[in-house]
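Participant: Data file protein_14.pdb (PDB, C-alpha atoms) is appended below.
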```
ATOM      1  CA  MET E  23     146.525 144.421 190.186
ATOM      2  CA  ASN E  24     149.715 146.312 189.322
ATOM      3  CA  ILE E  25     150.157 149.055 186.731
ATOM      4  CA  THR E  26     152.035 146.753 184.328
ATOM      5  CA  SER E  27     149.107 144.320 184.317
ATOM      6  CA  LEU E  28     146.640 147.155 183.650
ATOM      7  CA  GLU E  29     148.772 148.525 180.821
ATOM      8  CA  SER E  30     149.090 145.053 179.314
ATOM      9  CA  ARG E  31     145.331 144.462 179.459
ATOM     10  CA  SER E  32     144.658 147.912 178.021
ATOM     11  CA  ARG E  33     147.104 147.294 175.196
ATOM     12  CA  TYR E  34     145.631 143.885 174.364
ATOM     13  CA  GLY E  35     142.113 145.272 174.661
ATOM     14  CA  SER E  36     142.925 148.002 172.170
ATOM     15  CA  THR E  37     144.481 145.459 169.830
ATOM     16  CA  TRP E  38     141.404 143.235 169.914
ATOM     17  CA  ALA E  39     139.162 146.269 169.404
ATOM     18  CA  LEU E  40     141.216 147.221 166.342
ATOM     19  CA  ILE E  41     140.974 143.666 164.978
ATOM     20  CA  ALA E  42     137.216 143.688 165.576
ATOM     21  CA  CYS E  43     136.910 146.963 163.656
ATOM     22  CA  ILE E  44     138.930 145.570 160.759
ATOM     23  CA  LEU E  45     136.854 142.395 160.654
ATOM     24  CA  THR E  46     133.650 144.455 160.731
ATOM     25  CA  ALA E  47     134.892 146.601 157.854
ATOM     26  CA  VAL E  48     135.829 143.503 155.862
ATOM     27  CA  CYS E  49     132.392 141.989 156.478
ATOM     28  CA  VAL E  50     130.664 145.204 155.376
ATOM     29  CA  LEU E  51     132.839 145.425 152.259
ATOM     30  CA  THR E  52     132.250 141.770 151.455
ATOM     31  CA  SER E  53     128.508 142.222 151.899
ATOM     32  CA  ALA E  54     128.504 145.267 149.616
ATOM     33  CA  GLN E  55     130.494 143.401 147.001
ATOM     34  CA  ALA E  56     128.111 140.447 147.255
ATOM     35  CA  SER E  57     125.139 142.723 146.612
ATOM     36  CA  ASP E  58     126.760 143.805 143.338
ATOM     37  CA  THR E  59     127.300 140.278 142.045
ATOM     38  CA  THR E  60     123.860 140.130 140.426
ATOM     39  CA  LEU E  61     125.256 142.298 137.640
ATOM     40  CA  ALA E  62     129.033 142.293 137.701
ATOM     41  CA  ASP E  63     130.206 138.932 139.083
ATOM     42  CA  ASN E  64     130.361 137.492 135.577
ATOM     43  CA  PRO E  65     132.437 139.811 133.350
ATOM     44  CA  SER E  66     131.469 137.884 130.227
ATOM     45  CA  GLY E  67     127.715 138.099 130.870
ATOM     46  CA  GLN E  68     125.562 134.999 131.228
ATOM     47  CA  LEU E  69     123.032 134.348 128.475
ATOM     48  CA  TYR E  70     119.345 134.122 129.373
ATOM     49  CA  ALA E  71     116.159 132.684 127.945
ATOM     50  CA  SER E  72     113.418 135.328 127.846
ATOM     51  CA  PRO E  73     110.129 134.800 129.740
ATOM     52  CA  SER E  74     108.332 133.699 126.547
ATOM     53  CA  GLN E  75     111.126 131.207 125.857
ATOM     54  CA  VAL E  76     110.836 129.891 129.410
ATOM     55  CA  ARG E  77     107.105 129.544 128.806
ATOM     56  CA  LEU E  78     107.874 127.483 125.677
ATOM     57  CA  VAL E  79     109.920 125.083 127.814
ATOM     58  CA  GLN E  80     107.120 124.923 130.389
ATOM     59  CA  GLU E  81     104.528 124.219 127.688
ATOM     60  CA  LYS E  82     106.568 121.352 126.283
ATOM     61  CA  LEU E  83     106.990 119.897 129.769
ATOM     62  CA  GLY E  84     103.280 120.352 130.496
ATOM     63  CA  ASP E  85     102.360 118.583 127.260
ATOM     64  CA  GLN E  86     104.306 115.577 128.559
ATOM     65  CA  GLY E  87     102.405 115.505 131.836
ATOM     66  CA  TYR E  88     104.727 117.494 134.071
ATOM     67  CA  LYS E  89     103.029 119.855 136.519
ATOM     68  CA  VAL E  90     104.488 123.259 135.765
ATOM     69  CA  ASN E  91     103.015 126.736 135.747
ATOM     70  CA  ARG E  92     103.126 128.123 132.219
ATOM     71  CA  ASP E  93     103.996 131.601 133.428
ATOM     72  CA  GLY E  94     107.473 132.223 132.028
ATOM     73  CA  VAL E  95     109.018 132.187 135.502
ATOM     74  CA  TRP E  96     111.689 129.633 136.396
ATOM     75  CA  GLY E  97     110.552 129.018 139.949
ATOM     76  CA  ALA E  98     110.897 126.182 142.445
ATOM     77  CA  GLN E  99     108.072 124.119 140.938
ATOM     78  CA  THR E 100     109.496 124.347 137.423
ATOM     79  CA  ALA E 101     112.953 123.390 138.691
ATOM     80  CA  ARG E 102     111.498 120.429 140.600
ATOM     81  CA  GLU E 103     109.568 119.123 137.568
ATOM     82  CA  VAL E 104     112.592 119.677 135.327
ATOM     83  CA  ARG E 105     114.653 117.457 137.634
ATOM     84  CA  GLU E 106     112.020 114.752 137.309
ATOM     85  CA  PHE E 107     112.119 115.083 133.516
ATOM     86  CA  GLN E 108     115.922 114.992 133.526
ATOM     87  CA  ARG E 109     116.026 111.856 135.676
ATOM     88  CA  ALA E 110     113.452 110.152 133.438
ATOM     89  CA  HIS E 111     115.641 110.889 130.398
ATOM     90  CA  SER E 112     118.973 109.908 132.006
ATOM     91  CA  LEU E 113     120.162 113.518 132.162
ATOM     92  CA  ALA E 114     122.003 115.181 135.021
ATOM     93  CA  PRO E 115     119.252 116.404 137.408
ATOM     94  CA  THR E 116     120.325 120.051 137.529
ATOM     95  CA  GLY E 117     116.861 121.604 137.630
ATOM     96  CA  GLN E 118     118.360 124.306 135.412
ATOM     97  CA  LEU E 119     117.525 125.504 131.934
ATOM     98  CA  ASP E 120     120.492 123.716 130.454
ATOM     99  CA  THR E 121     121.540 122.611 126.991
ATOM    100  CA  SER E 122     120.638 118.948 127.452
ATOM    101  CA  LEU E 123     117.109 119.942 128.468
ATOM    102  CA  LEU E 124     116.802 122.104 125.345
ATOM    103  CA  SER E 125     118.002 119.232 123.164
ATOM    104  CA  ALA E 126     115.672 116.722 124.824
ATOM    105  CA  LEU E 127     112.697 119.053 124.298
ATOM    106  CA  ASP E 128     113.725 119.638 120.663
ATOM    107  CA  ILE E 129     114.136 123.373 121.215
ATOM    108  CA  GLY E 130     117.712 123.559 120.006
ATOM    109  CA  ASN E 131     120.347 120.885 119.498
ATOM    110  CA  VAL E 132     123.811 121.245 120.980
ATOM    111  CA  LEU E 133     126.800 119.045 120.108
ATOM    112  CA  GLU E 134     124.535 116.669 118.217
ATOM    113  CA  GLY E 135     126.187 116.979 114.805
ATOM    114  CA  GLU E 136     123.767 119.677 113.711
ATOM    115  CA  THR E 137     124.679 122.522 111.374
ATOM    116  CA  GLY E 138     125.044 126.060 112.650
ATOM    117  CA  SER E 139     121.586 126.996 111.388
ATOM    118  CA  ASN E 140     119.963 124.615 113.877
ATOM    119  CA  PHE E 141     122.176 125.583 116.789
ATOM    120  CA  LEU E 142     119.887 126.624 119.662
ATOM    121  CA  ASP E 143     117.482 127.912 117.023
ATOM    122  CA  GLY E 144     114.514 127.710 119.394
ATOM    123  CA  LEU E 145     116.087 130.473 121.477
ATOM    124  CA  LEU E 146     116.378 132.787 118.486
ATOM    125  CA  ARG E 147     112.604 133.029 118.281
ATOM    126  CA  THR E 148     110.728 135.711 120.149
ATOM    127  CA  ASP E 149     107.023 136.104 120.823
ATOM    128  CA  LYS E 150     106.221 139.725 119.932
ATOM    129  CA  ALA E 151     102.641 139.265 121.104
ATOM    130  CA  ALA E 152     104.010 138.576 124.594
ATOM    131  CA  THR E 153     106.401 141.519 124.641
ATOM    132  CA  SER E 154     104.048 144.009 126.287
ATOM    133  CA  LYS E 155     102.987 141.625 129.045
ATOM    134  CA  SER E 156     106.317 139.894 129.651
ATOM    135  CA  SER E 157     108.153 140.789 132.815
ATOM    136  CA  GLY E 158     111.204 139.556 134.663
ATOM    137  CA  ARG E 159     114.728 138.668 133.672
ATOM    138  CA  GLY E 160     113.916 135.266 132.224
ATOM    139  CA  ALA E 161     116.056 132.254 133.175
ATOM    140  CA  PRO E 162     119.842 131.893 132.991
ATOM    141  CA  LEU E 163     121.192 129.354 130.507
ATOM    142  CA  PHE E 164     123.624 126.615 131.465
ATOM    143  CA  VAL E 165     125.683 124.035 129.618
ATOM    144  CA  SER E 166     124.702 120.667 131.056
ATOM    145  CA  PRO E 167     127.262 118.374 132.717
ATOM    146  CA  THR E 168     126.676 115.870 129.887
ATOM    147  CA  HIS E 169     127.615 118.470 127.299
ATOM    148  CA  VAL E 170     130.629 119.555 129.375
ATOM    149  CA  ALA E 171     131.760 115.912 129.287
ATOM    150  CA  GLN E 172     131.241 115.887 125.513
ATOM    151  CA  ILE E 173     133.299 119.056 125.228
ATOM    152  CA  GLN E 174     136.045 117.383 127.253
ATOM    153  CA  HIS E 175     135.906 114.363 124.944
ATOM    154  CA  LEU E 176     136.125 116.504 121.803
ATOM    155  CA  LEU E 177     139.009 118.526 123.234
ATOM    156  CA  HIS E 178     140.751 115.291 124.234
ATOM    157  CA  SER E 179     140.297 113.734 120.787
ATOM    158  CA  GLN E 180     141.988 116.773 119.226
ATOM    159  CA  GLY E 181     144.920 116.732 121.640
ATOM    160  CA  PHE E 182     143.970 119.782 123.683
ATOM    161  CA  TYR E 183     142.870 118.023 126.892
ATOM    162  CA  SER E 184     144.289 115.152 128.943
ATOM    163  CA  GLY E 185     142.218 115.319 132.146
ATOM    164  CA  ASN E 186     139.199 113.388 133.388
ATOM    165  CA  ILE E 187     136.037 113.308 131.297
ATOM    166  CA  ASP E 188     133.674 113.948 134.187
ATOM    167  CA  GLY E 189     131.382 116.821 133.178
ATOM    168  CA  SER E 190     133.044 119.245 135.574
ATOM    169  CA  TRP E 191     134.416 122.546 134.223
ATOM    170  CA  GLY E 192     137.723 122.976 136.030
ATOM    171  CA  ALA E 193     141.016 124.763 135.387
ATOM    172  CA  ASP E 194     142.370 121.983 133.129
ATOM    173  CA  THR E 195     139.244 122.034 130.954
ATOM    174  CA  ALA E 196     139.329 125.849 130.768
ATOM    175  CA  ARG E 197     142.971 125.794 129.643
ATOM    176  CA  ALA E 198     142.217 123.156 127.014
ATOM    177  CA  ALA E 199     139.263 125.198 125.780
ATOM    178  CA  ASP E 200     141.524 128.227 125.326
ATOM    179  CA  LYS E 201     143.963 126.140 123.287
ATOM    180  CA  PHE E 202     141.055 125.156 121.040
ATOM    181  CA  ARG E 203     139.938 128.777 120.797
ATOM    182  CA  SER E 204     143.419 129.907 119.839
ATOM    183  CA  ALA E 205     143.578 127.254 117.103
ATOM    184  CA  HIS E 206     140.209 128.408 115.721
ATOM    185  CA  GLY E 207     140.723 132.170 115.926
ATOM    186  CA  LEU E 208     138.428 132.672 118.931
ATOM    187  CA  GLU E 209     139.027 135.045 121.807
ATOM    188  CA  ALA E 210     140.311 133.576 125.074
ATOM    189  CA  SER E 211     137.844 133.203 127.933
ATOM    190  CA  ALA E 212     137.970 131.726 131.416
ATOM    191  CA  GLY E 213     134.408 130.474 131.133
ATOM    192  CA  LEU E 214     132.293 128.532 128.674
ATOM    193  CA  ASP E 215     131.099 130.955 126.037
ATOM    194  CA  ILE E 216     128.684 130.499 123.166
ATOM    195  CA  ALA E 217     131.426 130.967 120.553
ATOM    196  CA  LEU E 218     133.224 127.867 121.872
ATOM    197  CA  LEU E 219     129.990 125.904 122.024
ATOM    198  CA  ARG E 220     129.023 126.772 118.464
ATOM    199  CA  ALA E 221     132.502 126.030 117.097
ATOM    200  CA  LEU E 222     132.499 122.597 118.740
ATOM    201  CA  ASN E 223     128.946 121.988 117.518
ATOM    202  CA  GLN E 224     130.080 122.598 113.946
ATOM    203  CA  GLU E 225     132.783 119.956 114.293
ATOM    204  CA  ARG E 226     130.001 117.398 113.788
ATOM    205  CA  ALA E 227     132.123 114.771 115.517
ATOM    206  CA  VAL E 228     130.684 111.503 116.799
ATOM    207  CA  VAL E 229     130.638 111.395 120.599
ATOM    208  CA  PRO E 230     130.652 107.934 122.210
ATOM    209  CA  LYS E 231     128.746 106.957 125.345
ATOM    210  CA  LEU E 232     130.285 108.892 128.188
ATOM    211  CA  PRO E 233     130.936 107.888 131.826
ATOM    212  CA  ASP E 234     127.913 107.957 134.136
ATOM    213  CA  VAL E 235     129.764 110.410 136.395
ATOM    214  CA  ALA E 236     128.583 113.231 134.126
ATOM    215  CA  THR E 237     124.914 112.455 134.784
ATOM    216  CA  SER E 238     125.494 112.431 138.535
ATOM    217  CA  GLN E 239     126.453 116.118 138.565
ATOM    218  CA  SER E 240     123.908 118.481 140.100
ATOM    219  CA  ALA E 241     124.763 121.733 138.300
ATOM    220  CA  GLY E 242     125.737 122.895 134.842
ATOM    221  CA  VAL E 243     128.156 125.624 133.745
ATOM    222  CA  PRO E 244     126.923 129.167 132.990
ATOM    223  CA  LEU E 245     126.710 129.806 129.232
ATOM    224  CA  GLN E 246     128.375 133.146 128.623
ATOM    225  CA  ALA E 247     128.308 135.601 125.745
ATOM    226  CA  GLY E 248     132.044 136.308 125.874
ATOM    227  CA  ARG E 249     133.890 139.596 126.300
ATOM    228  CA  GLN E 250     134.131 140.393 122.607
ATOM    229  CA  ALA E 251     130.396 139.925 122.151
ATOM    230  CA  ILE E 252     129.789 142.235 125.130
ATOM    231  CA  ARG E 253     132.116 144.872 123.688
ATOM    232  CA  GLU E 254     130.265 144.697 120.380
ATOM    233  CA  LEU E 255     126.967 144.898 122.264
ATOM    234  CA  GLN E 256     128.146 148.052 124.040
ATOM    235  CA  ARG E 257     129.279 149.609 120.748
ATOM    236  CA  GLN E 258     126.023 148.833 118.989
ATOM    237  CA  LEU E 259     123.902 150.115 121.862
ATOM    238  CA  SER E 260     125.846 153.375 122.006
ATOM    239  CA  GLU E 261     125.622 153.814 118.226
ATOM    240  CA  ASN E 262     121.862 153.315 118.507
ATOM    241  CA  GLY E 263     121.584 156.116 121.045
ATOM    242  CA  HIS E 264     121.605 154.047 124.236
ATOM    243  CA  ALA E 265     124.444 154.954 126.614
ATOM    244  CA  ALA E 266     125.992 151.630 127.576
ATOM    245  CA  GLY E 267     129.046 153.038 129.318
ATOM    246  CA  ALA E 268     132.621 152.036 128.556
ATOM    247  CA  VAL E 269     133.274 149.600 125.735
ATOM    248  CA  ASP E 270     135.144 147.228 128.042
ATOM    249  CA  GLY E 271     133.418 143.872 127.685
ATOM    250  CA  VAL E 272     132.236 144.021 131.300
ATOM    251  CA  TRP E 273     128.573 143.410 132.045
ATOM    252  CA  GLY E 274     127.351 146.140 134.406
ATOM    253  CA  GLU E 275     124.440 148.395 135.314
ATOM    254  CA  ASN E 276     124.907 150.925 132.480
ATOM    255  CA  THR E 277     124.955 148.168 129.876
ATOM    256  CA  ARG E 278     121.913 146.472 131.403
ATOM    257  CA  GLN E 279     119.856 149.672 131.420
ATOM    258  CA  ALA E 280     120.857 150.531 127.828
ATOM    259  CA  LEU E 281     119.997 147.009 126.730
ATOM    260  CA  ARG E 282     116.541 147.206 128.298
ATOM    261  CA  GLU E 283     115.884 150.529 126.528
ATOM    262  CA  PHE E 284     116.902 148.961 123.226
ATOM    263  CA  GLN E 285     114.652 145.957 123.867
ATOM    264  CA  ARG E 286     111.626 148.173 124.534
ATOM    265  CA  GLU E 287     112.346 150.255 121.429
ATOM    266  CA  HIS E 288     112.553 147.184 119.182
ATOM    267  CA  GLU E 289     109.601 145.226 120.591
ATOM    268  CA  LEU E 290     111.782 142.687 122.349
ATOM    269  CA  GLU E 291     110.996 141.406 125.812
ATOM    270  CA  PRO E 292     112.531 144.044 128.137
ATOM    271  CA  THR E 293     114.461 141.638 130.333
ATOM    272  CA  GLY E 294     117.624 143.684 130.707
ATOM    273  CA  THR E 295     119.424 140.376 130.232
ATOM    274  CA  LEU E 296     121.405 138.920 127.347
ATOM    275  CA  THR E 297     118.961 136.953 125.211
ATOM    276  CA  LEU E 298     119.741 135.529 121.781
ATOM    277  CA  PRO E 299     116.933 137.512 120.023
ATOM    278  CA  THR E 300     118.449 140.713 121.427
ATOM    279  CA  LEU E 301     121.927 139.848 120.173
ATOM    280  CA  ALA E 302     120.445 138.951 116.788
ATOM    281  CA  ALA E 303     118.542 142.274 116.628
ATOM    282  CA  LEU E 304     121.824 144.096 117.262
ATOM    283  CA  GLY E 305     123.508 142.092 114.497
ATOM    284  CA  ILE E 306     126.072 140.597 116.852
ATOM    285  CA  ASP E 307     127.928 137.525 115.629
ATOM    286  CA  ILE E 308     127.922 135.043 118.498
ATOM    287  CA  ALA E 309     130.977 133.359 116.973
ATOM    288  CA  SER E 310     133.097 136.163 118.552
ATOM    289  CA  LYS E 311     136.123 135.719 116.337
ATOM    290  CA  ALA E 312     139.268 137.154 117.853
ATOM    291  CA  GLY E 313     140.583 140.157 115.992
ATOM    292  CA  PRO E 314     143.071 142.974 116.369
ATOM    293  CA  ARG E 315     142.529 145.001 119.509
ATOM    294  CA  THR E 316     141.999 148.740 119.339
ATOM    295  CA  ALA E 317     142.781 151.311 121.992
ATOM    296  CA  GLN E 318     139.054 151.409 122.779
ATOM    297  CA  ASP E 319     139.035 147.660 123.483
TER     298      ASP E 319
END
```
Starting from the file, lay out its structure as structure tokens.
Facilitator:
Amino acid sequence: MNITSLESRSRYGSTWALIACILTAVCVLTSAQASDTTLADNPSGQLYASPSQVRLVQEKLGDQGYKVNRDGVWGAQTAREVREFQRAHSLAPTGQLDTSLLSALDIGNVLEGETGSNFLDGLLRTDKAATSKSSGRGAPLFVSPTHVAQIQHLLHSQGFYSGNIDGSWGADTARAADKFRSAHGLEASAGLDIALLRALNQERAVVPKLPDVATSQSAGVPLQAGRQAIRELQRQLSENGHAAGAVDGVWGENTRQALREFQREHELEPTGTLTLPTLAALGIDIASKAGPRTAQD
């Protein structure tokens, strides 16, 4: 083997070693970022049902013969029985705590022509007797594929949306939703926030039978609080003596810890998650009307 061949192999070997190091660093960074997604992957903050509210859902399912543990934990068995309930009621079998499930169990109507006072009202209740023994984060809330399809229909009927009515929240639906928000004085958002849902609910428009494609979907869309609601949450927590960090509308560890402290202080279930009773206790308007920005925003 000549010197040129050795030099070439050495050079290529060093190059591949460098590439391997870079790839390893990327993998480590990606892994670290992934570990942080439990708190910060959703800048608008997903809304949750508290453990006692999850138990309410489980009790209603159990009363109808479904085999669920009434423990306030959204585990595999609850998800499995929820899918059975959803299939039996011609709902998309998401296995999630979604808006169609809440409507079907008469816990809170969504997009059913109800007034604002009945909008998800079952999730505004809290069981103070269960506060001391409740544990866990609760269960994340989703907007069902059926309700996403209804949103698409309502946006289409008002000239904001021209895409498929399929129950899937894509870029076209998100853009149409922002056009609706702008027309109704709501803050822009990439996701599906509760302000949009409540505003559409108050339209009280008749929704026709929708394509079956919506009920074939297997997952709903996270129901978010919205950046403005998070900013107001951070302000209120800080004013109440709980350091929530920067008032930036980003859901992170400081905000979560401050929220849990507030929940304990006010006899709310200390989930550290965004529940409707917590927002109500802080006096936060879930309508999240857009307003003039300040330097602090």
Participant: From the list E:Glu106, E:Glu283, E:Glu209, E:Asp188, which residue is nearest Val90 in chain E when using all atoms listed in the file?
Facilitator: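 Checking each candidate against Val90 in chain E, we get E:Glu106 as the closest.
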Participant: The PyMOL selection byres ((chain E and resi 193-205) around 8) - which residues does that actually catch in the file I just gave you? List them as a VMD selection string.
Facilitator: chain E and resid 174 177 182 to 183 185 191 to 192 206 to 214 218
Participant: Can you tell me, as a PyMOL selection string, what residues are no more than 10 Å from Ala303 in chain E when counting all atoms listed in the file, ignoring any on the same chain fewer than 2 positions away?
Facilitator: chain E and resi 146+284-285+288+290+298-301+305-306
Participant: Measure the distance from CA of Gln224 in chain E to CA of Pro73 in chain E in Å and round it to one decimal.
Facilitator: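 That distance, rounded to one decimal, is 28.2 Å.
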Participant: Find the distance between CA of Leu113 in chain E and CA of Ser74 in chain E and write it in Å to one decimal.
Facilitator: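 It comes out at 24.1 Å.
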Participant: Return the single residue from E:Gln68, E:Gln108, E:Gln75, E:Asn276 that is closest to Thr295 in chain E, with distances computed using all atoms listed in the file.
Facilitator: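 Ranking E:Gln68, E:Gln108, E:Gln75, E:Asn276 by distance to Thr295 in chain E, first place goes to E:Gln68.
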Participant: Provide the CA of Thr121 in chain E to CA of Ser166 in chain E distance in Å, to one decimal place.
Facilitator: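 Pair CA of Thr121 in chain E / CA of Ser166 in chain E returns 5.5 Å.
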Participant: Using the chain letters and numbers from the file, give me the residues hit by the PyMOL selection byres ((chain E and resi 72) around 7), as a ChimeraX atom specification.
Facilitator: /E:70-71,73-76,159-161,291,293,297
Participant: Quick one: everything within 9 Å of range 263-271 of chain E, counting all atoms listed in the file, minus sequence neighbours fewer than 5 positions away in the same chain. Send it as an MDAnalysis selection string.
Facilitator: chainID E and resid 65:67 248:258 276:281 283:284 318:319
Participant: I need the residues from that last selection saved to file as a short mmCIF file (atom, residue, chain, number, x, y, z; two decimals), keeping the file's coordinate frame (with C-alpha atoms), if you can.
Facilitator:
```cif
data_model
loop_
_atom_site.label_atom_id
_atom_site.label_comp_id
_atom_site.auth_asym_id
_atom_site.auth_seq_id
_atom_site.Cartn_x
_atom_site.Cartn_y
_atom_site.Cartn_z
CA PRO E 65 132.44 139.81 133.35
CA SER E 66 131.47 137.88 130.23
CA GLY E 67 127.72 138.10 130.87
CA GLY E 248 132.04 136.31 125.87
CA ARG E 249 133.89 139.60 126.30
CA GLN E 250 134.13 140.39 122.61
CA ALA E 251 130.40 139.93 122.15
CA ILE E 252 129.79 142.24 125.13
CA ARG E 253 132.12 144.87 123.69
CA GLU E 254 130.26 144.70 120.38
CA LEU E 255 126.97 144.90 122.26
CA GLN E 256 128.15 148.05 124.04
CA ARG E 257 129.28 149.61 120.75
CA GLN E 258 126.02 148.83 118.99
CA ASN E 276 124.91 150.93 132.48
CA THR E 277 124.96 148.17 129.88
CA ARG E 278 121.91 146.47 131.40
CA GLN E 279 119.86 149.67 131.42
CA ALA E 280 120.86 150.53 127.83
CA LEU E 281 120.00 147.01 126.73
CA GLU E 283 115.88 150.53 126.53
CA PHE E 284 116.90 148.96 123.23
CA GLN E 318 139.05 151.41 122.78
CA ASP E 319 139.04 147.66 123.48
#
```
Participant: Considering all atoms listed in the file, return as a list in words whatever protein or nucleic-acid residues lie within 8 Å of Val229 in chain E, sequence-local ones (same chain, fewer than 5 positions apart) excluded.
Facilitator: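 Final neighbour list, sorted by chain and number: Gln172, His175 and Leu176 of chain E.
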Participant: Name the residues captured by the PyMOL selection byres ((chain E and resi 240) around 8) when it is applied to the shown file; answer as a PyMOL selection string.
Facilitator: chain E and resi 114-116+238-239+241-242
Participant: Hey, which of E:Val235, E:Val228, E:Leu296, E:Leu163 ends up closest to Asn186 in chain E? Count only C-alpha atoms.
Facilitator: E:Val235
Participant: May I have the centre and edge lengths, in Å to one decimal, of an axis-aligned box around the listed atoms of range 291-306 of chain E with 4 Å added to every side, as JSON?
Facilitator:
```
{"center_x": 118.5, "center_y": 139.8, "center_z": 122.6, "size_x": 23.1, "size_y": 16.6, "size_z": 24.2}
```
Participant: Measuring atom to atom with all atoms listed in the file, identify which of E:Leu245, E:Ile173, E:Leu127, E:Ser122 is nearest to Val79 in chain E.
Facilitator: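 Checking each candidate against Val79 in chain E, we get E:Leu127 as the closest.
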Participant: Tell me which of E:Thr168, E:Gln86, E:Ser112, E:Gln118 sits closest to Ala98 in chain E, counting all atoms listed in the file.
Facilitator: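 With all atoms listed in the file as the atom set, the closest residue is E:Gln118.
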